[in-house]
$ cat query_14.txt   # compact mmCIF, C-alpha atoms
# COMPACT_ATOMS: atom_id res chain seq x y z
CA MET A 1 -25.48 14.24 -37.64
CA VAL A 2 -25.55 17.44 -35.57
CA HIS A 3 -29.34 17.81 -35.54
CA THR A 4 -29.69 14.13 -34.79
CA TYR A 5 -27.56 14.39 -31.63
CA ALA A 6 -29.51 17.41 -30.48
CA TYR A 7 -32.76 15.45 -30.69
CA ALA A 8 -31.46 12.74 -28.34
CA GLY A 9 -33.52 14.28 -25.57
CA PHE A 10 -30.32 15.09 -23.70
CA PRO A 11 -28.38 17.19 -23.02
CA ARG A 12 -31.29 18.85 -21.25
CA SER A 13 -29.14 21.32 -19.39
CA LEU A 14 -27.02 24.23 -20.54
CA ASN A 15 -23.94 22.39 -19.27
CA GLY A 16 -24.76 19.43 -21.46
CA LEU A 17 -25.28 21.64 -24.48
CA ASN A 18 -21.96 23.38 -23.83
CA VAL A 19 -20.24 19.99 -23.78
CA LEU A 20 -21.85 19.10 -27.09
CA MET A 21 -20.78 22.37 -28.69
CA GLN A 22 -17.25 21.96 -27.37
CA VAL A 23 -17.02 18.47 -28.85
CA LEU A 24 -18.23 19.72 -32.23
CA LYS A 25 -15.75 22.59 -32.12
CA ILE A 26 -12.83 20.27 -31.38
CA ARG A 27 -13.90 17.89 -34.14
CA LYS A 28 -14.06 20.80 -36.59
CA GLN A 29 -10.57 21.97 -35.55
CA ASN A 30 -9.32 18.44 -36.22
CA GLY A 31 -10.71 18.53 -39.74
CA ILE A 32 -13.73 16.33 -39.03
CA LYS A 33 -16.83 17.45 -40.92
CA ASP A 34 -20.00 16.29 -39.21
CA LYS A 35 -22.94 15.59 -41.45
CA ILE A 36 -26.04 17.64 -40.62
CA GLY A 37 -28.85 15.24 -39.77
CA THR A 38 -32.37 15.51 -41.14
CA ASP A 39 -34.99 17.49 -39.27
CA ALA A 40 -37.59 15.45 -37.42
CA ARG A 41 -40.90 14.94 -39.14
CA PRO A 42 -44.06 16.37 -37.49
CA LEU A 43 -46.14 14.15 -35.24
CA LEU A 44 -48.86 12.43 -37.25
CA THR A 45 -51.40 11.31 -34.67
CA ASP A 46 -54.76 12.31 -33.25
CA LYS A 47 -53.53 11.88 -29.69
CA SER A 48 -52.64 14.86 -27.56
CA LYS A 49 -49.01 15.51 -26.71
CA LEU A 50 -49.80 14.67 -23.09
CA GLU A 51 -51.14 11.25 -24.13
CA ILE A 52 -48.14 10.59 -26.39
CA GLY A 53 -45.68 11.67 -23.73
CA THR A 54 -47.35 9.53 -21.06
CA GLU A 55 -47.17 6.44 -23.28
CA ILE A 56 -43.51 6.98 -24.13
CA GLN A 57 -42.47 7.78 -20.55
CA THR A 58 -44.22 4.63 -19.30
CA LYS A 59 -42.49 2.52 -21.96
CA LEU A 60 -39.07 3.94 -21.13
CA ILE A 61 -39.38 3.61 -17.36
CA GLY A 62 -41.28 0.34 -17.46
CA ALA A 63 -44.19 1.58 -15.32
CA PRO A 64 -46.29 4.72 -14.83
CA ASN A 65 -44.19 7.48 -13.29
CA HIS A 66 -45.26 8.87 -9.93
CA GLY A 67 -43.60 11.11 -7.38
CA GLU A 68 -44.23 13.74 -4.74
CA VAL A 69 -42.78 16.49 -6.92
CA TYR A 70 -45.39 15.83 -9.61
CA THR A 71 -48.22 15.89 -7.06
CA PHE A 72 -46.87 19.13 -5.61
CA ALA A 73 -46.36 20.75 -9.04
CA PRO A 74 -48.36 18.90 -11.73
CA VAL A 75 -47.16 21.39 -14.37
CA ILE A 76 -43.68 19.82 -14.15
CA ASP A 77 -45.12 16.43 -15.02
CA GLN A 78 -47.11 17.94 -17.88
CA PHE A 79 -44.08 19.80 -19.26
CA LEU A 80 -41.86 16.71 -19.20
CA LYS A 81 -44.45 14.57 -20.93
CA GLU A 82 -45.48 17.11 -23.55
CA HIS A 83 -42.04 18.52 -24.34
CA LEU A 84 -39.35 15.94 -23.54
CA PHE A 85 -41.22 12.72 -24.27
CA ALA A 86 -43.72 13.92 -26.92
CA ASP A 87 -41.89 16.72 -28.74
CA ILE A 88 -38.45 15.08 -28.62
CA PHE A 89 -38.52 11.36 -27.82
CA SER A 90 -41.34 10.60 -30.26
CA ARG A 91 -39.42 12.07 -33.21
CA ASP A 92 -37.91 9.71 -35.75
CA THR A 93 -34.35 11.04 -35.78
CA LEU A 94 -33.11 8.48 -33.24
CA ASN A 95 -34.52 5.27 -31.77
CA PHE A 96 -34.84 4.84 -28.01
CA GLN A 97 -31.64 2.81 -27.69
CA SER A 98 -29.55 5.44 -29.50
CA ARG A 99 -31.03 8.18 -27.33
CA GLU A 100 -30.09 6.31 -24.16
CA ILE A 101 -26.55 5.68 -25.39
CA ALA A 102 -26.20 9.44 -25.96
CA THR A 103 -27.85 10.24 -22.63
CA VAL A 104 -25.77 7.86 -20.53
CA SER A 105 -22.56 9.00 -22.24
CA ILE A 106 -23.19 12.68 -21.65
CA LEU A 107 -24.39 12.23 -18.06
CA ALA A 108 -21.30 10.18 -17.24
CA SER A 109 -18.96 12.77 -18.76
CA LEU A 110 -20.62 15.71 -16.97
CA GLY A 111 -19.98 14.38 -13.46
CA GLY A 112 -22.20 15.00 -10.44
CA THR A 113 -25.20 13.40 -12.16
CA GLU A 114 -25.25 10.01 -10.44
CA THR A 115 -28.97 10.07 -9.66
CA GLN A 116 -29.89 10.77 -13.28
CA LEU A 117 -27.27 8.33 -14.54
CA ARG A 118 -28.68 5.57 -12.35
CA SER A 119 -32.18 6.26 -13.68
CA HIS A 120 -31.03 6.17 -17.29
CA MET A 121 -29.06 2.96 -16.81
CA LYS A 122 -32.41 1.39 -15.90
CA VAL A 123 -34.10 3.02 -18.89
CA ALA A 124 -31.32 1.74 -21.17
CA LEU A 125 -32.01 -1.81 -20.00
CA ASN A 126 -35.78 -1.28 -20.38
CA VAL A 127 -35.44 -0.23 -24.03
CA GLY A 128 -33.40 -3.28 -24.97
CA LEU A 129 -29.73 -2.42 -24.47
CA THR A 130 -27.97 -5.49 -23.07
CA GLU A 131 -25.64 -5.76 -20.10
CA ASN A 132 -22.73 -6.43 -22.48
CA GLN A 133 -23.55 -3.38 -24.60
CA LEU A 134 -23.62 -1.10 -21.55
CA GLN A 135 -20.38 -2.59 -20.23
CA HIS A 136 -18.80 -1.92 -23.62
CA LEU A 137 -20.08 1.65 -23.48
CA VAL A 138 -18.51 2.07 -20.04
CA SER A 139 -15.18 0.74 -21.32
CA ILE A 140 -15.26 3.33 -24.13
CA LEU A 141 -15.91 6.07 -21.58
CA GLU A 142 -12.89 4.86 -19.58
CA LEU A 143 -10.63 4.93 -22.63
CA LYS A 144 -11.94 7.96 -24.52
CA VAL A 145 -13.36 10.29 -21.85
CA SER A 146 -11.69 9.65 -18.49
CA TRP A 147 -10.92 6.66 -16.32
CA GLN A 148 -12.62 8.29 -13.33
CA ASP A 149 -15.88 9.01 -15.19
CA GLY A 150 -15.86 5.49 -16.60
CA GLN A 151 -15.40 4.02 -13.14
CA VAL A 152 -18.36 6.00 -11.78
CA ALA A 153 -20.50 4.79 -14.68
CA LYS A 154 -19.38 1.18 -14.15
CA ARG A 155 -20.15 1.31 -10.44
CA ILE A 156 -23.64 2.64 -11.14
CA LEU A 157 -24.18 0.02 -13.86
CA ASP A 158 -23.11 -2.77 -11.48
CA GLN A 159 -25.44 -1.43 -8.78
CA THR A 160 -28.27 -1.17 -11.31
CA LEU A 161 -27.81 -4.74 -12.51
CA VAL A 162 -27.79 -6.05 -8.93
CA GLY A 163 -30.69 -3.82 -7.93
CA GLU A 164 -32.85 -5.28 -10.68
CA LEU A 165 -32.52 -8.75 -9.13
CA THR A 166 -34.22 -10.42 -6.18
CA PHE A 167 -32.66 -10.26 -2.73
CA ALA A 168 -31.98 -13.66 -1.17
CA GLU A 169 -32.32 -14.65 2.47
CA ILE A 170 -28.61 -15.31 2.91
CA SER A 171 -27.24 -12.02 4.18
CA PRO A 172 -28.23 -8.37 3.78
CA ASN A 173 -25.30 -7.80 1.42
CA GLU A 174 -25.82 -10.78 -0.87
CA VAL A 175 -28.09 -10.93 -3.87
CA ALA A 176 -29.55 -13.93 -5.65
CA ILE A 177 -28.83 -13.44 -9.32
CA LYS A 178 -31.18 -14.72 -11.98
CA ASN A 179 -30.18 -13.34 -15.34
CA GLN A 180 -29.00 -14.30 -18.78
CA ASN A 181 -25.38 -14.84 -17.68
CA PHE A 182 -26.07 -17.68 -15.24
CA THR A 183 -27.89 -21.01 -15.14
CA GLY A 184 -29.52 -21.70 -11.78
CA LYS A 185 -29.38 -19.60 -8.62
CA VAL A 186 -26.19 -17.70 -7.86
CA TRP A 187 -25.44 -15.24 -5.04
CA VAL A 188 -23.03 -12.36 -5.54
CA GLU A 189 -21.62 -9.99 -2.91
CA ILE A 190 -19.46 -7.16 -4.27
CA LEU A 191 -16.55 -6.75 -1.87
CA VAL A 192 -14.47 -4.24 -3.83
CA ALA A 193 -15.80 -2.37 -6.84
CA ASP A 194 -13.37 -1.47 -9.62
CA ASP A 195 -10.46 0.11 -7.78
CA ARG A 196 -8.40 2.68 -9.67
CA THR A 197 -5.34 2.29 -7.47
CA TRP A 198 -5.12 -1.50 -7.43
CA ASN A 199 -6.89 -2.03 -10.77
CA THR A 200 -8.99 -4.92 -9.45
CA GLN A 201 -12.56 -5.92 -8.70
CA ILE A 202 -13.40 -8.47 -5.99
CA GLY A 203 -16.61 -10.34 -5.29
CA ASN A 204 -17.80 -13.32 -3.23
CA VAL A 205 -19.83 -15.72 -5.37
CA THR A 206 -21.90 -18.71 -4.21
CA PHE A 207 -23.42 -21.21 -6.64
CA SER A 208 -26.31 -23.47 -5.62
CA PRO A 209 -26.01 -27.12 -6.76
CA SER A 210 -26.00 -27.45 -10.58
CA SER A 211 -25.77 -23.68 -11.12
CA ARG A 212 -22.99 -22.17 -13.24
CA THR A 213 -21.87 -19.19 -15.27
CA ASN A 214 -22.17 -18.84 -19.02
CA TRP A 215 -19.06 -19.13 -21.11
CA HIS A 216 -17.19 -15.83 -20.76
CA TYR A 217 -13.76 -14.23 -20.76
CA HIS A 218 -11.91 -11.44 -18.97
CA PRO A 219 -9.61 -9.16 -21.04
CA GLY A 220 -7.47 -8.64 -17.93
CA GLY A 221 -7.71 -12.19 -16.58
CA GLN A 222 -9.25 -13.52 -13.36
CA ILE A 223 -8.21 -15.31 -10.16
CA LEU A 224 -10.66 -17.57 -8.28
CA LEU A 225 -10.05 -18.53 -4.63
CA VAL A 226 -12.33 -21.49 -3.77
CA THR A 227 -13.53 -21.09 -0.18
CA LYS A 228 -16.30 -23.67 0.22
CA GLY A 229 -17.68 -26.81 -1.38
CA SER A 230 -16.72 -28.30 -4.70
CA GLY A 231 -17.40 -27.41 -8.29
CA TYR A 232 -16.26 -27.35 -11.89
CA TYR A 233 -13.98 -25.09 -13.90
CA GLN A 234 -13.35 -25.45 -17.62
CA GLU A 235 -11.41 -23.53 -20.24
CA LYS A 236 -12.41 -23.84 -23.89
CA GLY A 237 -10.85 -26.89 -25.53
CA LYS A 238 -9.71 -28.40 -22.21
CA PRO A 239 -11.31 -31.02 -19.94
CA VAL A 240 -13.51 -30.04 -17.02
CA ARG A 241 -11.51 -29.53 -13.83
CA ILE A 242 -12.94 -30.45 -10.42
CA VAL A 243 -12.15 -27.78 -7.83
CA LYS A 244 -12.61 -27.75 -4.05
CA ALA A 245 -12.08 -25.47 -1.06
CA GLY A 246 -8.50 -24.22 -0.93
CA ASP A 247 -7.89 -24.38 -4.67
CA ILE A 248 -6.64 -21.32 -6.55
CA ILE A 249 -7.54 -20.89 -10.22
CA GLN A 250 -5.61 -18.49 -12.42
CA CYS A 251 -7.50 -17.76 -15.61
CA PRO A 252 -5.36 -16.01 -18.28
CA PRO A 253 -6.64 -12.92 -20.12
CA ASN A 254 -9.13 -13.52 -22.97
CA THR A 255 -9.48 -17.22 -22.12
CA HIS A 256 -13.01 -18.54 -22.70
CA HIS A 257 -14.14 -20.43 -19.60
CA TRP A 258 -16.98 -21.19 -17.20
CA HIS A 259 -17.27 -22.28 -13.55
CA GLY A 260 -19.98 -23.46 -11.19
CA ALA A 261 -21.16 -25.97 -8.59
CA THR A 262 -21.45 -29.75 -8.85
CA PRO A 263 -24.95 -31.30 -9.06
CA SER A 264 -24.82 -32.32 -5.37
CA GLU A 265 -22.94 -29.53 -3.60
CA GLU A 266 -22.80 -25.75 -3.61
CA LEU A 267 -19.63 -23.83 -4.41
CA SER A 268 -18.30 -20.55 -3.04
CA HIS A 269 -15.29 -18.64 -4.30
CA ILE A 270 -13.73 -15.20 -4.19
CA ALA A 271 -13.57 -13.84 -7.75
CA ILE A 272 -10.79 -11.33 -8.39
CA GLY A 273 -10.94 -9.39 -11.64
CA THR A 274 -7.38 -8.33 -12.48
CA ASN A 275 -6.07 -5.63 -14.82
CA MET A 276 -9.55 -4.11 -15.07
CA LYS A 277 -8.30 -1.31 -17.31
CA ALA A 278 -8.07 -3.94 -20.07
CA GLY A 279 -11.88 -4.02 -20.21
CA PRO A 280 -14.97 -5.60 -18.62
CA VAL A 281 -15.98 -9.25 -18.75
CA THR A 282 -17.58 -10.42 -22.00
CA TRP A 283 -20.43 -12.89 -21.58
CA LEU A 284 -21.06 -15.58 -24.17
CA GLU A 285 -23.48 -18.48 -24.65
CA PRO A 286 -24.84 -20.62 -21.79
CA VAL A 287 -23.12 -23.86 -20.80
CA SER A 288 -25.37 -26.66 -22.08
CA ASP A 289 -26.40 -29.57 -19.86
CA GLU A 290 -24.29 -31.84 -22.07
CA GLU A 291 -21.19 -29.68 -21.54
CA TYR A 292 -21.91 -29.41 -17.82
CA LEU A 293 -22.31 -33.15 -17.26
CA ARG A 294 -19.35 -34.15 -19.45
CA GLN A 295 -16.74 -35.46 -16.96
$ encode --input "query_14.txt" --output "structure tokens"
Amino acid sequence: MVHTYAYAGFPRSLNGLNVLMQVLKIRKQNGIKDKIGTDARPLLTDKSKLEIGTEIQTKLIGAPNHGEVYTFAPVIDQFLKEHLFADIFSRDTLNFQSREIATVSILASLGGTETQLRSHMKVALNVGLTENQLQHLVSILELKVSWQDGQVAKRILDQTLVGELTFAEISPNEVAIKNQNFTGKVWVEILVADDRTWNTQIGNVTFSPSSRTNWHYHPGGQILLVTKGSGYYQEKGKPVRIVKAGDIIQCPPNTHHWHGATPSEELSHIAIGTNMKAGPVTWLEPVSDEEYLRQ
């Protein structure tokens, strides 16, 4: 698979290539024989490399790419499109998702590449990688590369996921979330990102009436401190529990559950992710209307 990794489009720098060679050397010393991947087939199209590269870059980013640097030095834009996106990304050795997994992994392990890592987190989502898949990738980085690098990648992923959503008119620091992990409108304010010392993550979450999370579970468990309103909390196989301001909910590790507001009142709680080294939250299927209304 050596040629295949090289065609991922990254590492684009000498540092990245040195990391790749070091990994291969260590694997060889450990008796691991990497299979040599097939060479990429030539481009079979009547389009110019500039046209091919422009199409691929637009698909990856989600929109045409513009910037002052490209206006100042158009040759940079031409080189990226013709070489990186046409010569490399259009080859058939890896699909776009595999390339982004390789890219994000290497950028995270290099350190000092937060701007590029943030860009490629967005690209990874654009090409079809899910939030859960990227969270799983981050957890592998924490376990197999370094906790610190994994934490940087997780922080950037969390910021990317929030940044893709629409800002609400509640406070400058709160964001209205509309994504596949929630039903209805939910506001999330990250108070403490994953903390290496205390091994926790803390957020303030507000659910509008009838809104709720999907079913999900936390490998390290979760504590909910209800601060306003009333709502529902349910663990798999147990009855729905009505919660109100002042209640404290202790959710054990790996327990499938959901929580949200009642149909008539919003709910706010402080969500504390505990033992974060155990792994990120895993999101499951939505809570159906029948499950939600079953009292």
$ closest_atom_pairs --input "query_14.txt" --of "stretch 195-226 of chain A" --to "stretch 272-295 of chain A" --cutoff "7 Å" --atoms "all atoms listed in the file" --output "tab-separated table"
residue	atom	partner	partner_atom	distance
A:Asn199	CA	A:Met276	CA	5.5
A:Thr200	CA	A:Thr274	CA	4.8
A:Gln201	CA	A:Gly273	CA	4.8
A:Ile202	CA	A:Ile272	CA	4.6
A:Gly203	CA	A:Ile272	CA	6.7
A:Asn214	CA	A:Pro286	CA	4.2
A:Trp215	CA	A:Leu284	CA	5.1
A:His216	CA	A:Trp283	CA	4.5
A:Tyr217	CA	A:Thr282	CA	5.5
A:His218	CA	A:Val281	CA	4.6
A:Pro219	CA	A:Ala278	CA	5.5
A:Gly220	CA	A:Asn275	CA	4.5
A:Gly221	CA	A:Thr274	CA	5.6
A:Gln222	CA	A:Gly273	CA	4.8
A:Ile223	CA	A:Ile272	CA	5.1
A:Leu224	CA	A:Ile272	CA	6.2
$ atom_distance --input "query_14.txt" --atom1 "atom CA of A:Gln250" --atom2 "atom CA of A:His269"
12.6 Å
$ closest_residue --input "query_14.txt" --among "A:Ala261, A:Leu161, A:Leu60, A:Val243" --to "A:Ser90" --atoms "only C-alpha atoms"
A:Leu60
$ residues_around --input "query_14.txt" --residues "A:Glu55" --least-positions-apart "6" --cutoff "12 Å" --atoms "all atoms listed in the file" --output "ChimeraX atom specification"
/A:47-49,61-65,81-82,85-86,89-90
$ write_last_selection --input "query_14.txt" --atoms "C-alpha atoms" --output "PDB file, in the frame of the given file"
ATOM      1  CA  LYS A  47     -53.530  11.880 -29.690  1.00  0.00           C
ATOM      2  CA  SER A  48     -52.640  14.860 -27.560  1.00  0.00           C
ATOM      3  CA  LYS A  49     -49.010  15.510 -26.710  1.00  0.00           C
ATOM      4  CA  ILE A  61     -39.380   3.610 -17.360  1.00  0.00           C
ATOM      5  CA  GLY A  62     -41.280   0.340 -17.460  1.00  0.00           C
ATOM      6  CA  ALA A  63     -44.190   1.580 -15.320  1.00  0.00           C
ATOM      7  CA  PRO A  64     -46.290   4.720 -14.830  1.00  0.00           C
ATOM      8  CA  ASN A  65     -44.190   7.480 -13.290  1.00  0.00           C
ATOM      9  CA  LYS A  81     -44.450  14.570 -20.930  1.00  0.00           C
ATOM     10  CA  GLU A  82     -45.480  17.110 -23.550  1.00  0.00           C
ATOM     11  CA  PHE A  85     -41.220  12.720 -24.270  1.00  0.00           C
ATOM     12  CA  ALA A  86     -43.720  13.920 -26.920  1.00  0.00           C
ATOM     13  CA  PHE A  89     -38.520  11.360 -27.820  1.00  0.00           C
ATOM     14  CA  SER A  90     -41.340  10.600 -30.260  1.00  0.00           C
TER      15      SER A  90
END
$ residues_near_point --input "query_14.txt" --point "(-18.3, -27.6, -12.3)" --cutoff "9 Å" --atoms "all atoms listed in the file" --output "list in words"
Ser210, Ser211, Arg212, Ser230, Gly231, Tyr232, Tyr233, Gln234, Val240, Arg241, Ile242, Val243, Trp258, His259, Gly260, Ala261, Thr262, Pro263, Leu267, Tyr292 and Leu293 of chain A
$ atom_distance --input "query_14.txt" --atom1 "atom CA of A:Arg91" --atom2 "atom CA of A:Gly37"
12.8 Å
$ atom_distance --input "query_14.txt" --atom1 "atom CA of A:Lys154" --atom2 "atom CA of A:Asn204"
18.2 Å
$ residues_around --input "query_14.txt" --residues "A:Gly111" --least-positions-apart "6" --cutoff "10 Å" --atoms "only C-alpha atoms" --output "list of chain:residue names"
A:Leu117, A:Gln148, A:Asp149, A:Val152, A:Ala153
$ closest_residue --input "query_14.txt" --among "A:Thr71, A:Gln78, A:Thr160, A:Gln29" --to "A:Ile52" --atoms "all atoms listed in the file"
A:Gln78
$ closest_residue --input "query_14.txt" --among "A:Ile56, A:Leu50, A:Leu157, A:Ile106" --to "A:Gln133" --atoms "all atoms listed in the file"
A:Leu157
$ closest_residue --input "query_14.txt" --among "A:Asn254, A:Thr227, A:Arg118, A:Gly246" --to "A:Glu266" --atoms "all atoms listed in the file"
A:Thr227
$ closest_residue --input "query_14.txt" --among "A:Thr58, A:Thr197, A:Asp92, A:Val19" --to "A:Asp39" --atoms "all atoms listed in the file"
A:Asp92
